[in-house]
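Undergrad: One file: input17.pdb (PDB, C-alpha atoms).
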ATOM      1  CA  MET A   1       1.886 -18.054 -22.393
ATOM      2  CA  LYS A   2       1.298 -17.198 -18.726
ATOM      3  CA  LYS A   3      -0.187 -20.086 -16.749
ATOM      4  CA  VAL A   4      -2.505 -18.919 -13.953
ATOM      5  CA  GLY A   5      -3.675 -21.489 -11.434
ATOM      6  CA  PHE A   6      -6.230 -21.599  -8.638
ATOM      7  CA  ILE A   7      -6.341 -23.710  -5.518
ATOM      8  CA  GLY A   8      -9.946 -23.210  -4.530
ATOM      9  CA  THR A   9     -12.807 -22.534  -6.944
ATOM     10  CA  GLY A  10     -15.466 -21.222  -4.583
ATOM     11  CA  ASN A  11     -17.249 -17.904  -5.005
ATOM     12  CA  MET A  12     -14.147 -15.729  -4.936
ATOM     13  CA  GLY A  13     -11.946 -18.031  -6.967
ATOM     14  CA  SER A  14     -14.653 -18.455  -9.598
ATOM     15  CA  ALA A  15     -15.259 -14.698  -9.748
ATOM     16  CA  ILE A  16     -11.583 -14.038 -10.473
ATOM     17  CA  ILE A  17     -11.524 -16.841 -13.038
ATOM     18  CA  LYS A  18     -14.527 -15.332 -14.824
ATOM     19  CA  GLY A  19     -12.809 -11.952 -14.777
ATOM     20  CA  ILE A  20      -9.705 -13.377 -16.430
ATOM     21  CA  LEU A  21     -11.625 -15.339 -19.046
ATOM     22  CA  GLY A  22     -13.819 -12.351 -19.883
ATOM     23  CA  SER A  23     -10.969  -9.859 -20.066
ATOM     24  CA  ASP A  24      -8.619  -8.806 -22.843
ATOM     25  CA  LEU A  25      -5.616 -10.347 -21.087
ATOM     26  CA  LYS A  26      -3.645 -12.106 -23.811
ATOM     27  CA  ASN A  27      -1.637 -15.321 -23.777
ATOM     28  CA  VAL A  28      -3.125 -16.542 -20.504
ATOM     29  CA  SER A  29      -4.257 -20.083 -19.732
ATOM     30  CA  VAL A  30      -6.148 -20.921 -16.540
ATOM     31  CA  TYR A  31      -5.860 -24.050 -14.385
ATOM     32  CA  ALA A  32      -7.549 -25.057 -11.143
ATOM     33  CA  TYR A  33      -7.813 -27.636  -8.414
ATOM     34  CA  ASP A  34     -10.456 -27.971  -5.729
ATOM     35  CA  SER A  35     -10.945 -30.918  -3.390
ATOM     36  CA  PHE A  36     -14.698 -30.371  -3.737
ATOM     37  CA  ALA A  37     -15.387 -32.064  -7.065
ATOM     38  CA  PRO A  38     -18.658 -30.252  -7.981
ATOM     39  CA  SER A  39     -16.931 -26.873  -7.614
ATOM     40  CA  LEU A  40     -14.043 -27.991  -9.818
ATOM     41  CA  GLU A  41     -16.491 -29.297 -12.415
ATOM     42  CA  LYS A  42     -18.184 -25.895 -12.582
ATOM     43  CA  ALA A  43     -14.799 -24.251 -13.094
ATOM     44  CA  ALA A  44     -14.035 -26.691 -15.888
ATOM     45  CA  GLU A  45     -17.305 -25.722 -17.578
ATOM     46  CA  LEU A  46     -15.986 -22.156 -17.749
ATOM     47  CA  GLY A  47     -13.034 -23.342 -19.811
ATOM     48  CA  VAL A  48     -10.524 -23.954 -17.028
ATOM     49  CA  THR A  49      -8.169 -26.934 -17.160
ATOM     50  CA  ALA A  50      -8.930 -29.095 -14.123
ATOM     51  CA  LEU A  51      -5.968 -30.479 -12.193
ATOM     52  CA  SER A  52      -5.683 -33.439  -9.846
ATOM     53  CA  SER A  53      -3.919 -31.931  -6.822
ATOM     54  CA  ASN A  54      -2.571 -28.834  -5.115
ATOM     55  CA  ALA A  55       0.952 -29.953  -5.953
ATOM     56  CA  GLN A  56       0.161 -30.266  -9.642
ATOM     57  CA  ALA A  57      -1.165 -26.696  -9.633
ATOM     58  CA  ALA A  58       2.074 -25.454  -8.071
ATOM     59  CA  GLN A  59       4.197 -27.439 -10.504
ATOM     60  CA  CYS A  60       2.558 -26.260 -13.720
ATOM     61  CA  CYS A  61       1.602 -22.623 -13.033
ATOM     62  CA  ASP A  62       3.489 -19.316 -13.110
ATOM     63  CA  TYR A  63       0.924 -17.556 -10.911
ATOM     64  CA  LEU A  64      -1.026 -19.503  -8.292
ATOM     65  CA  PHE A  65      -4.036 -18.133  -6.411
ATOM     66  CA  LEU A  66      -4.546 -19.482  -2.892
ATOM     67  CA  ALA A  67      -8.308 -18.992  -2.915
ATOM     68  CA  VAL A  68      -9.101 -20.878   0.276
ATOM     69  CA  LYS A  69     -10.209 -19.975   3.780
ATOM     70  CA  PRO A  70      -7.432 -18.966   6.225
ATOM     71  CA  GLN A  71      -8.199 -22.060   8.291
ATOM     72  CA  GLN A  72      -7.388 -24.264   5.267
ATOM     73  CA  LEU A  73      -4.186 -22.514   4.286
ATOM     74  CA  ASP A  74      -1.701 -24.515   6.384
ATOM     75  CA  GLU A  75      -2.763 -27.754   4.738
ATOM     76  CA  VAL A  76      -2.482 -26.188   1.276
ATOM     77  CA  LEU A  77       0.943 -24.679   1.946
ATOM     78  CA  GLU A  78       2.232 -27.986   3.268
ATOM     79  CA  SER A  79       1.063 -29.731   0.105
ATOM     80  CA  ILE A  80       2.848 -27.299  -2.248
ATOM     81  CA  ALA A  81       5.953 -26.386  -0.230
ATOM     82  CA  ASP A  82       8.258 -28.794  -2.082
ATOM     83  CA  CYS A  83       7.035 -27.469  -5.450
ATOM     84  CA  ILE A  84       7.859 -23.810  -4.793
ATOM     85  CA  THR A  85      10.527 -22.331  -7.065
ATOM     86  CA  GLU A  86      11.709 -18.820  -7.841
ATOM     87  CA  ASN A  87       9.534 -18.877 -10.966
ATOM     88  CA  ILE A  88       6.138 -19.002  -9.253
ATOM     89  CA  VAL A  89       4.140 -16.151  -7.713
ATOM     90  CA  LEU A  90       1.637 -17.036  -5.002
ATOM     91  CA  ILE A  91      -1.416 -14.790  -4.683
ATOM     92  CA  SER A  92      -3.103 -15.194  -1.311
ATOM     93  CA  ILE A  93      -6.643 -13.949  -0.661
ATOM     94  CA  CYS A  94      -6.618 -15.364   2.877
ATOM     95  CA  ALA A  95      -7.634 -12.669   5.339
ATOM     96  CA  GLY A  96      -4.962 -11.709   7.836
ATOM     97  CA  ILE A  97      -2.208 -13.999   6.546
ATOM     98  CA  SER A  98       1.168 -12.311   5.927
ATOM     99  CA  ASP A  99       3.755 -13.029   3.263
ATOM    100  CA  GLU A 100       6.237 -13.832   6.041
ATOM    101  CA  TYR A 101       3.908 -16.564   7.282
ATOM    102  CA  ILE A 102       3.625 -18.068   3.801
ATOM    103  CA  ALA A 103       7.410 -17.963   3.395
ATOM    104  CA  LYS A 104       7.843 -19.706   6.751
ATOM    105  CA  LYS A 105       5.522 -22.498   5.638
ATOM    106  CA  THR A 106       7.037 -22.876   2.144
ATOM    107  CA  LYS A 107      10.388 -21.402   1.037
ATOM    108  CA  PRO A 108      12.172 -18.251   2.300
ATOM    109  CA  PHE A 109      12.502 -16.867  -1.231
ATOM    110  CA  VAL A 110       8.860 -17.386  -2.221
ATOM    111  CA  LYS A 111       7.163 -14.583  -4.175
ATOM    112  CA  VAL A 112       3.884 -13.522  -2.569
ATOM    113  CA  VAL A 113       1.179 -11.048  -3.519
ATOM    114  CA  LEU A 114      -1.354 -10.451  -0.751
ATOM    115  CA  ALA A 115      -4.840  -9.569  -1.967
ATOM    116  CA  MET A 116      -8.048  -8.549  -0.235
ATOM    117  CA  PRO A 117     -10.867  -8.704  -2.799
ATOM    118  CA  ASN A 118     -14.587  -8.514  -2.089
ATOM    119  CA  THR A 119     -17.695 -10.342  -3.271
ATOM    120  CA  PRO A 120     -18.818  -7.710  -5.827
ATOM    121  CA  LEU A 121     -16.134  -9.323  -8.002
ATOM    122  CA  LEU A 122     -18.937 -11.756  -8.802
ATOM    123  CA  LEU A 123     -20.538  -8.964 -10.868
ATOM    124  CA  GLY A 124     -17.297  -7.494 -12.191
ATOM    125  CA  GLU A 125     -17.596  -4.641  -9.679
ATOM    126  CA  GLY A 126     -14.992  -5.726  -7.168
ATOM    127  CA  ALA A 127     -12.604  -3.589  -5.143
ATOM    128  CA  THR A 128      -9.312  -5.331  -4.386
ATOM    129  CA  ALA A 129      -6.451  -4.144  -2.187
ATOM    130  CA  ILE A 130      -3.045  -5.696  -2.934
ATOM    131  CA  SER A 131       0.518  -5.602  -1.657
ATOM    132  CA  ARG A 132       3.632  -7.664  -2.345
ATOM    133  CA  SER A 133       6.725  -9.201  -0.873
ATOM    134  CA  GLU A 134      10.072  -7.720  -1.848
ATOM    135  CA  THR A 135      10.767 -10.754  -4.046
ATOM    136  CA  VAL A 136       7.949  -9.905  -6.495
ATOM    137  CA  SER A 137       9.078  -7.943  -9.556
ATOM    138  CA  ASP A 138       7.284  -4.868 -10.913
ATOM    139  CA  GLU A 139       6.251  -6.841 -14.003
ATOM    140  CA  GLU A 140       4.802  -9.684 -11.936
ATOM    141  CA  PHE A 141       2.951  -7.290  -9.641
ATOM    142  CA  GLU A 142       1.523  -5.408 -12.612
ATOM    143  CA  PHE A 143       0.202  -8.638 -14.112
ATOM    144  CA  VAL A 144      -1.565  -9.569 -10.866
ATOM    145  CA  SER A 145      -3.011  -6.037 -10.742
ATOM    146  CA  GLN A 146      -4.358  -6.517 -14.265
ATOM    147  CA  ILE A 147      -6.063  -9.737 -13.218
ATOM    148  CA  PHE A 148      -7.941  -8.063 -10.375
ATOM    149  CA  SER A 149      -8.683  -5.018 -12.536
ATOM    150  CA  SER A 150     -10.422  -7.367 -14.981
ATOM    151  CA  CYS A 151     -13.255  -7.760 -12.461
ATOM    152  CA  GLY A 152     -13.336  -4.330 -10.801
ATOM    153  CA  ILE A 153     -10.711  -1.931  -9.489
ATOM    154  CA  CYS A 154      -7.401  -2.704  -7.821
ATOM    155  CA  ARG A 155      -5.367  -0.480  -5.507
ATOM    156  CA  GLU A 156      -2.024  -1.039  -3.803
ATOM    157  CA  VAL A 157      -1.838  -0.484  -0.043
ATOM    158  CA  PRO A 158       1.144  -0.798   2.319
ATOM    159  CA  LYS A 159       1.825  -4.406   3.225
ATOM    160  CA  VAL A 160       1.626  -3.600   6.943
ATOM    161  CA  LYS A 161      -1.972  -2.375   6.475
ATOM    162  CA  MET A 162      -3.396  -5.470   4.773
ATOM    163  CA  LYS A 163      -5.233  -6.485   7.949
ATOM    164  CA  GLU A 164      -6.638  -2.998   8.533
ATOM    165  CA  ILE A 165      -7.912  -2.711   4.936
ATOM    166  CA  ILE A 166     -10.207  -5.718   5.384
ATOM    167  CA  ALA A 167     -12.830  -3.584   7.153
ATOM    168  CA  ILE A 168     -12.724  -1.020   4.347
ATOM    169  CA  ASN A 169     -13.319  -3.220   1.328
ATOM    170  CA  GLY A 170     -13.240  -6.921   2.221
ATOM    171  CA  SER A 171     -15.861  -7.181   4.967
ATOM    172  CA  SER A 172     -17.644  -3.879   4.334
ATOM    173  CA  PRO A 173     -20.153  -5.245   1.793
ATOM    174  CA  ALA A 174     -21.764  -7.190   4.656
ATOM    175  CA  PHE A 175     -21.870  -4.040   6.786
ATOM    176  CA  ILE A 176     -23.471  -2.124   3.917
ATOM    177  CA  TYR A 177     -26.047  -4.886   3.381
ATOM    178  CA  LEU A 178     -27.010  -4.757   7.059
ATOM    179  CA  TYR A 179     -27.397  -0.965   6.815
ATOM    180  CA  ALA A 180     -29.538  -1.398   3.704
ATOM    181  CA  GLN A 181     -31.723  -3.989   5.421
ATOM    182  CA  CYS A 182     -32.537  -1.486   8.168
ATOM    183  CA  PHE A 183     -33.975   0.967   5.618
ATOM    184  CA  ILE A 184     -35.906  -1.754   3.813
ATOM    185  CA  ASP A 185     -37.322  -2.979   7.124
ATOM    186  CA  TYR A 186     -38.467   0.587   7.858
ATOM    187  CA  ALA A 187     -40.197   0.727   4.479
ATOM    188  CA  LYS A 188     -42.061  -2.489   5.290
ATOM    189  CA  SER A 189     -43.046  -1.134   8.695
ATOM    190  CA  VAL A 190     -44.816   1.815   7.037
ATOM    191  CA  GLU A 191     -46.413  -0.449   4.403
ATOM    192  CA  ILE A 192     -44.230   0.457   1.404
ATOM    193  CA  ASP A 193     -43.724  -2.352  -1.095
ATOM    194  CA  GLU A 194     -40.519  -4.202  -0.173
ATOM    195  CA  ALA A 195     -39.405  -4.766  -3.775
ATOM    196  CA  ALA A 196     -39.853  -1.100  -4.656
ATOM    197  CA  ALA A 197     -38.020   0.017  -1.515
ATOM    198  CA  LYS A 198     -35.139  -2.361  -2.232
ATOM    199  CA  GLU A 199     -34.731  -1.083  -5.793
ATOM    200  CA  LEU A 200     -34.959   2.546  -4.752
ATOM    201  CA  PHE A 201     -32.481   2.202  -1.906
ATOM    202  CA  ALA A 202     -30.054   0.067  -3.944
ATOM    203  CA  LYS A 203     -30.037   2.614  -6.758
ATOM    204  CA  THR A 204     -29.495   5.333  -4.176
ATOM    205  CA  LEU A 205     -26.422   3.442  -2.912
ATOM    206  CA  VAL A 206     -25.062   3.161  -6.454
ATOM    207  CA  GLY A 207     -25.696   6.825  -7.194
ATOM    208  CA  SER A 208     -24.278   7.987  -3.880
ATOM    209  CA  ALA A 209     -21.139   5.925  -4.469
ATOM    210  CA  LYS A 210     -20.660   7.581  -7.865
ATOM    211  CA  MET A 211     -21.109  10.978  -6.256
ATOM    212  CA  ILE A 212     -18.262  10.118  -3.859
ATOM    213  CA  THR A 213     -15.932   8.998  -6.670
ATOM    214  CA  ASP A 214     -16.968  11.259  -9.554
ATOM    215  CA  SER A 215     -18.456  14.527  -8.277
ATOM    216  CA  GLY A 216     -15.211  16.085  -7.047
ATOM    217  CA  ASN A 217     -16.859  17.046  -3.766
ATOM    218  CA  SER A 218     -15.747  16.000  -0.291
ATOM    219  CA  ILE A 219     -18.042  13.673   1.641
ATOM    220  CA  GLU A 220     -18.774  16.521   4.046
ATOM    221  CA  ARG A 221     -19.883  18.690   1.122
ATOM    222  CA  LEU A 222     -22.020  15.889  -0.304
ATOM    223  CA  ILE A 223     -23.849  15.628   3.017
ATOM    224  CA  GLU A 224     -24.449  19.390   2.969
ATOM    225  CA  MET A 225     -25.870  19.164  -0.574
ATOM    226  CA  VAL A 226     -28.622  16.820   0.646
ATOM    227  CA  SER A 227     -29.319  18.703   3.860
ATOM    228  CA  SER A 228     -31.640  21.710   3.956
ATOM    229  CA  LYS A 229     -31.748  23.710   7.170
ATOM    230  CA  GLY A 230     -34.649  22.530   9.291
ATOM    231  CA  GLY A 231     -35.497  19.809   6.755
ATOM    232  CA  THR A 232     -36.057  16.054   6.834
ATOM    233  CA  THR A 233     -32.439  15.068   6.212
ATOM    234  CA  ILE A 234     -31.164  17.173   9.098
ATOM    235  CA  ALA A 235     -33.726  15.560  11.401
ATOM    236  CA  GLY A 236     -32.511  12.090  10.385
ATOM    237  CA  LEU A 237     -28.827  13.000  10.642
ATOM    238  CA  GLU A 238     -29.353  14.268  14.171
ATOM    239  CA  LYS A 239     -30.695  10.858  15.224
ATOM    240  CA  LEU A 240     -27.771   9.031  13.587
ATOM    241  CA  ARG A 241     -25.373  11.275  15.468
ATOM    242  CA  GLU A 242     -27.280  10.848  18.724
ATOM    243  CA  GLY A 243     -26.872   7.110  18.243
ATOM    244  CA  SER A 244     -23.120   7.567  17.810
ATOM    245  CA  LEU A 245     -23.036   6.028  14.329
ATOM    246  CA  ASP A 246     -19.423   7.140  13.933
ATOM    247  CA  LYS A 247     -18.345   5.347  17.114
ATOM    248  CA  THR A 248     -20.300   2.228  16.158
ATOM    249  CA  VAL A 249     -18.583   2.068  12.758
ATOM    250  CA  GLN A 250     -15.203   2.632  14.424
ATOM    251  CA  SER A 251     -15.880  -0.262  16.811
ATOM    252  CA  CYS A 252     -17.028  -2.424  13.914
ATOM    253  CA  CYS A 253     -13.807  -1.802  11.987
ATOM    254  CA  GLU A 254     -11.642  -2.350  15.058
ATOM    255  CA  ALA A 255     -13.335  -5.695  15.769
ATOM    256  CA  CYS A 256     -12.844  -6.745  12.154
ATOM    257  CA  THR A 257      -9.148  -5.853  12.276
ATOM    258  CA  LYS A 258      -8.663  -7.555  15.639
ATOM    259  CA  ARG A 259     -10.068 -10.777  14.233
ATOM    260  CA  ALA A 260      -7.714 -10.550  11.245
ATOM    261  CA  TYR A 261      -4.750 -10.430  13.625
ATOM    262  CA  GLU A 262      -6.169 -13.377  15.570
ATOM    263  CA  LEU A 263      -6.479 -15.433  12.383
ATOM    264  CA  ALA A 264      -2.824 -14.642  11.673
ATOM    265  CA  GLY A 265      -1.823 -15.688  15.201
ATOM    266  CA  GLU A 266      -0.647 -12.172  15.983
ATOM    267  CA  ASP A 267      -1.531  -9.580  18.609
ATOM    268  CA  LYS A 268      -3.040  -6.237  17.655
TER     269      LYS A 268
END
Could you take the file, read its structure, and then write that structure out as structure tokens?
TA:
Amino acid sequence: MKKVGFIGTGNMGSAIIKGILGSDLKNVSVYAYDSFAPSLEKAAELGVTALSSNAQAAQCCDYLFLAVKPQQLDEVLESIADCITENIVLISICAGISDEYIAKKTKPFVKVVLAMPNTPLLLGEGATAISRSETVSDEEFEFVSQIFSSCGICREVPKVKMKEIIAINGSSPAFIYLYAQCFIDYAKSVEIDEAAAKELFAKTLVGSAKMITDSGNSIERLIEMVSSKGGTTIAGLEKLREGSLDKTVQSCCEACTKRAYELAGEDK
């Protein structure tokens, strides 16, 4: 029986817990601790065994998710440092924090999987990037991959790119929502029903995403398929290019990455 624990049962922690409990992963029991009692009570209602402290979670679990904000991590690591053994794997979802940092705060030999999930995990449609320290075995890494795959897709990226990947899948849902809001606001400005516009645009996002992943065409080709010479799409694309959308997105991603390095106390 693999014992999987969580320190932190907020939105992301709860989403992963639901993924595990709703998956076909066998011989897995789930434990959790959260200093915020109402959140822990909700986790317990899902079938999770509630624990009394961070240290207890580290002592009883084989795999332990650090599902807290980066600003809370030092306190958590301090509370579990004495409990770390070679038998436990820590899975950190804290943006920007390296495995070297976690080892410095706990034990040099600690096993760490770094993960950058996103909020669509709440619907089982998450996209998680993961990497690992050299101390994590292939079997252990595969099990963590299976956990994240239970609530979406999971892809390994180089450990040195875990800060850069945040803009691609971790923070990008917010960027996409802002983009969507602009189109919905336009619909309202021309007196189109907001609910209808939201449904139409959301379905267009879903369909467009599937075209990217499933059609076999490059993104450049997909743009061409929508664009007729002298047509409406071309007119809109010209304005997006005039507004330097590509440069704006580049700046957005660079700012996101810069902040990840700042949270880690490193220079970009």
Undergrad: Could you state the separation of atom CA of Val48 of chain A and atom CA of Ser137 of chain A in Å, given to one decimal place?
TA: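 Atom-to-atom, atom CA of Val48 of chain A and atom CA of Ser137 of chain A are spaced 26.4 Å apart.
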Undergrad: Can you measure atom CA of Ser14 of chain A to atom CA of Asn27 of chain A for me? One decimal in Å is fine.
TA: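 Atom CA of Asn27 of chain A lies 19.5 Å from atom CA of Ser14 of chain A.
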Undergrad: Can you translate the PyMOL selection byres ((chain A and resi 63) around 7) into the concrete residues it hits in this file, as a list in words?
TA: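 Selection result, ordered by chain and number: Lys3, Val4, Gly5, Cys61, Asp62, Leu64, Phe65, Ile88, Val89 and Leu90 of chain A.
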Undergrad: Mind checking which residues fall within 12 Å of Glu75 of chain A, counting all atoms listed in the file, ignoring those fewer than 2 positions away in the same chain, and posting them as a list of chain:residue names?
TA: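 Skipping anything fewer than 2 positions along the chain leaves A:Ile7, A:Ser35, A:Asn54, A:Ala55, A:Leu66, A:Val68, A:Lys69, A:Pro70, A:Gln71, A:Gln72, A:Leu73, A:Leu77, A:Glu78, A:Ser79, A:Ile80, A:Ala81, A:Ile102, A:Lys105, A:Thr106.
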Undergrad: Would you mind listing what lies within 8 Å of segment 42-46 of chain A as a list in words, with only C-alpha atoms counted and same-chain residues fewer than 4 positions away left out?
TA: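 So, after excluding close chain neighbours, the residues are Thr9, Ser14, Lys18, Ala32, Pro38 and Ala50 of chain A.
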